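Peer 1: Submitted below is the structure of interest, expressed as structure tokens.
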Amino acid sequence: MKIVKLNFIKEYSIFLWLVLITILGILMSNIYSNNKMQENYKIKSSLGNIYLKKVVKELTNSLESRYIYKNYTSKNGDTYQGIINTLNISKDEKEILLDSIAKIKSLKLLKINQKFTFKLDNMLESKIIEFKIETDKKNEILFTKSKSKNIFISKKIQKNFIKKLAYKETVITDSLYSSAINLGISPNIIIEFARLYGFQVDFQRDVWKNDSFQIIYEEYVNENKKIVDTGEIIFASLNLQNNNLQLYKYEYEKNKIDYFDEKGQSIKKTLMKTPINGARLSSSYGKRKHPILGYTKMHTGTDFAAPTGTPIMASGDGKVTKAGWCGGGGNCVKIRHNSKYQTVYAHMSKFGKGIKKGLRVKQGQIIGYVGSTGLSTGPHLHYEVIVNGKKVNSQKLKLPSGKILKGNDRKDFEVTKIKIDVLKSDLVSKLN
Ligand SMILES: [Zn+2]
């Protein structure tokens, strides 16, 4: 009997322990959640405290730094409103900025490549405390927020740069690019040089060893005689197999500059011969065995082999009529330039920013990037020119010329041209 009773307690003690542990567990979690609620309440009530609110704000602000600078460089088609709309500020503040800009005469006309800098204070309701806009390479307007009123006070500031004219000349030994780099010409200027001549020169096929070039361009030098920036090309001459192609910078209307040859004819042609830089012509227009389909077929365009991602330019001003999938052509863009000319660019890896049907594009604007989409064996640009609805060989096309200066404009241009020629001989004499 005794043994039985003991066994009974032994068996039940396990059960009792289980009950005890369960009760303890419930009690503990209750105390814990009670504590948590109290804590939450404490946090909430202290967050209600304005002083703490400010401290928290300051702490989080300091993490993303109180002052930030936003830079912007104006592009073709930009407006002041559009630029200010890129800032994360209130509508009222945007209006104050626009009003301040509108008051400045020298800012009336927004030019391309004007630099903007905005200084923002994240702790203020009205964030912008200072901003500046470059009027030209040497001058800028500084706007500072008035301490008492919600307005900006402007001041013209002259940058400590000296504008210098650089003259460089050389005979091309291997490539135009490396010859120019060897002369210490900045890549910006080389790109601009190639762009200006892109209307009439196919850099892949027209430039040969022993061809030569001369160039005059602006350089900005600081107090330490260091070149800090480059300006515009004033003059250039490219001598290709004794074919001398010259171009002169000329302001034909206020704030509108263009480049003209010695006869006063704009160097801008309706279409570029090669809408891509640094490409190799890999397949010309005409009958050929198709690399994928295998049979002989008419190749109705010109192929330029280039690495994936190489920018493709609109070969002339015009309207985008297609930016989408073209079957065998993969991602393609079609542009209508005028009633006579259309161009097609195929096999793109991606489209240029904002490029879509109906958009007006400028000559030289990036419309897409080289790829190998559609029926293609490797990255290349397939480029087609359509004249009056018929596909033609773009490389044999006689391109119509752009603007021709006449009358008083022509006389004025002749004066500019003589001035540049005198300047050139002066710079050449200093070189020796
Ligand atoms: Zn092709």
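Order determines the names: the first chain of the structure tokens is A, the second B, and so forth; residues in each chain are numbered 1 upward, and ligands are numbered 1 upward as they are shown.
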Which residues come within 12 Å of Trp325 in chain A, counting only C-alpha atoms, excluding same-chain residues fewer than 5 positions away, as a CSV table (one decimal) with C-alpha atoms, in the first residue's frame?

Peer 2:
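This went into selection.csv:
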chain,number,residue,atom,x,y,z
A,330,GLY,CA,15.7,44.6,-82.8
A,331,ASN,CA,15.4,47.8,-80.9
A,332,CYS,CA,15.3,50.5,-83.5
A,333,VAL,CA,14.8,54.3,-83.9
A,334,LYS,CA,13.4,56.0,-87.0
A,345,TYR,CA,19.2,53.0,-86.5
A,346,ALA,CA,18.9,49.3,-85.6
A,347,HIS,CA,20.0,46.5,-83.2
A,348,MET,CA,20.3,49.0,-80.2
A,349,SER,CA,20.9,47.6,-76.7
A,350,LYS,CA,18.8,50.5,-75.3
A,351,PHE,CA,17.2,53.8,-76.2
A,356,LYS,CA,10.1,58.1,-77.8
A,373,THR,CA,19.1,42.9,-80.5
A,374,GLY,CA,17.1,41.3,-83.3
A,375,LEU,CA,18.8,39.4,-86.2

Peer 1: Please tabulate, as a tab-separated table, the residues of range 70-148 of chain A that come within 7 Å of range 158-180 of chain A, each with its closest pair of atoms and the distance in Å to one decimal, counting only C-alpha atoms and ordering rows by chain, then residue number upward.

Peer 2:
residue	atom	partner	partner_atom	distance
A:Lys138	CA	A:Lys159	CA	5.2
A:Asn139	CA	A:Gln158	CA	4.6
A:Glu140	CA	A:Gln158	CA	6.4

Peer 1: Keeping N, CA and C atoms, export the residues of the selection given above as a PDB file, in the first residue's frame.

Peer 2:
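Output contents, as saved in out.pdb:
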ATOM      1  N   LYS A 138      33.306  82.884 -67.069  1.00  0.00           N
ATOM      2  CA  LYS A 138      34.041  83.702 -66.106  1.00  0.00           C
ATOM      3  C   LYS A 138      33.182  84.367 -65.042  1.00  0.00           C
ATOM      4  N   ASN A 139      31.884  84.437 -65.295  1.00  0.00           N
ATOM      5  CA  ASN A 139      31.013  85.161 -64.367  1.00  0.00           C
ATOM      6  C   ASN A 139      29.851  84.309 -63.888  1.00  0.00           C
ATOM      7  N   GLU A 140      29.430  84.632 -62.669  1.00  0.00           N
ATOM      8  CA  GLU A 140      28.230  83.971 -62.173  1.00  0.00           C
ATOM      9  C   GLU A 140      27.432  84.931 -61.297  1.00  0.00           C
TER      10      GLU A 140
END

Peer 1: If DSSP is run on the backbone, what residues of range 80-291 of chain A are strand (DSSP E)? A reply as an NGL selection string would be ideal.

Peer 2: :A and (115-121 or 128-134 or 139-145 or 152-158 or 162-171 or 212-221 or 227-240 or 243-253 or 256-260 or 280-283 or 286-289)

Peer 1: Could you give me the residues within range 125-253 of chain A that DSSP places in alpha helix (DSSP H), as a ChimeraX atom specification?

Peer 2: /A:176-182,187-197

Peer 1: Set the distance at 10 Å and use only C-alpha atoms: which residues neighbour range 253-256 of chain A once local chain neighbours fewer than 4 positions away are removed? I'd like the list as a PyMOL selection string.

Peer 2: chain A and resi 109-111+409

Peer 1: Taking only C-alpha atoms and all ligand atoms into account, list the residues no farther than 10 Å from ligand 1, as an NGL selection string.

Peer 2: :A and (282-285 or 290-291 or 298-305 or 329 or 345-347 or 375-376 or 380-384)

Peer 1: Excluding Asn113 in chain A and its own-chain neighbours fewer than 2 positions away, which residues fall within 12 Å of it when counting only C-alpha atoms? Please give them as a list in words.

Peer 2: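 The residues that qualify are Asn71, Tyr72, Thr73, Ser74, Lys75, Asn76, Gly77, Asp78, Leu110, Lys111, Lys115, Phe116, Ile133, Glu134, Thr135, Asp136, Lys137, Gly231 and Glu232 of chain A.
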
Peer 1: Pull C-alpha atoms from the residues just selected and write them as a PDB file, in the first residue's frame.

Peer 2:
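Below is the file that was written, part_31.pdb:
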ATOM      1  CA  ASN A  71      24.406  70.853 -59.264  1.00  0.00           C
ATOM      2  CA  TYR A  72      22.861  71.077 -62.675  1.00  0.00           C
ATOM      3  CA  THR A  73      24.162  71.914 -66.151  1.00  0.00           C
ATOM      4  CA  SER A  74      21.568  73.197 -68.607  1.00  0.00           C
ATOM      5  CA  LYS A  75      20.890  71.166 -71.706  1.00  0.00           C
ATOM      6  CA  ASN A  76      19.173  71.799 -74.976  1.00  0.00           C
ATOM      7  CA  GLY A  77      15.460  72.423 -74.402  1.00  0.00           C
ATOM      8  CA  ASP A  78      15.755  73.178 -70.673  1.00  0.00           C
ATOM      9  CA  LEU A 110      18.926  80.376 -70.709  1.00  0.00           C
ATOM     10  CA  LYS A 111      21.850  79.008 -72.672  1.00  0.00           C
ATOM     11  CA  LYS A 115      26.068  75.654 -64.497  1.00  0.00           C
ATOM     12  CA  PHE A 116      23.660  75.837 -61.544  1.00  0.00           C
ATOM     13  CA  ILE A 133      24.000  80.501 -61.897  1.00  0.00           C
ATOM     14  CA  GLU A 134      26.875  80.849 -64.301  1.00  0.00           C
ATOM     15  CA  THR A 135      26.304  83.543 -66.928  1.00  0.00           C
ATOM     16  CA  ASP A 136      29.429  82.606 -68.824  1.00  0.00           C
ATOM     17  CA  LYS A 137      32.638  80.750 -68.045  1.00  0.00           C
ATOM     18  CA  GLY A 231      35.695  76.939 -73.734  1.00  0.00           C
ATOM     19  CA  GLU A 232      34.756  77.018 -77.361  1.00  0.00           C
TER      20      GLU A 232
END
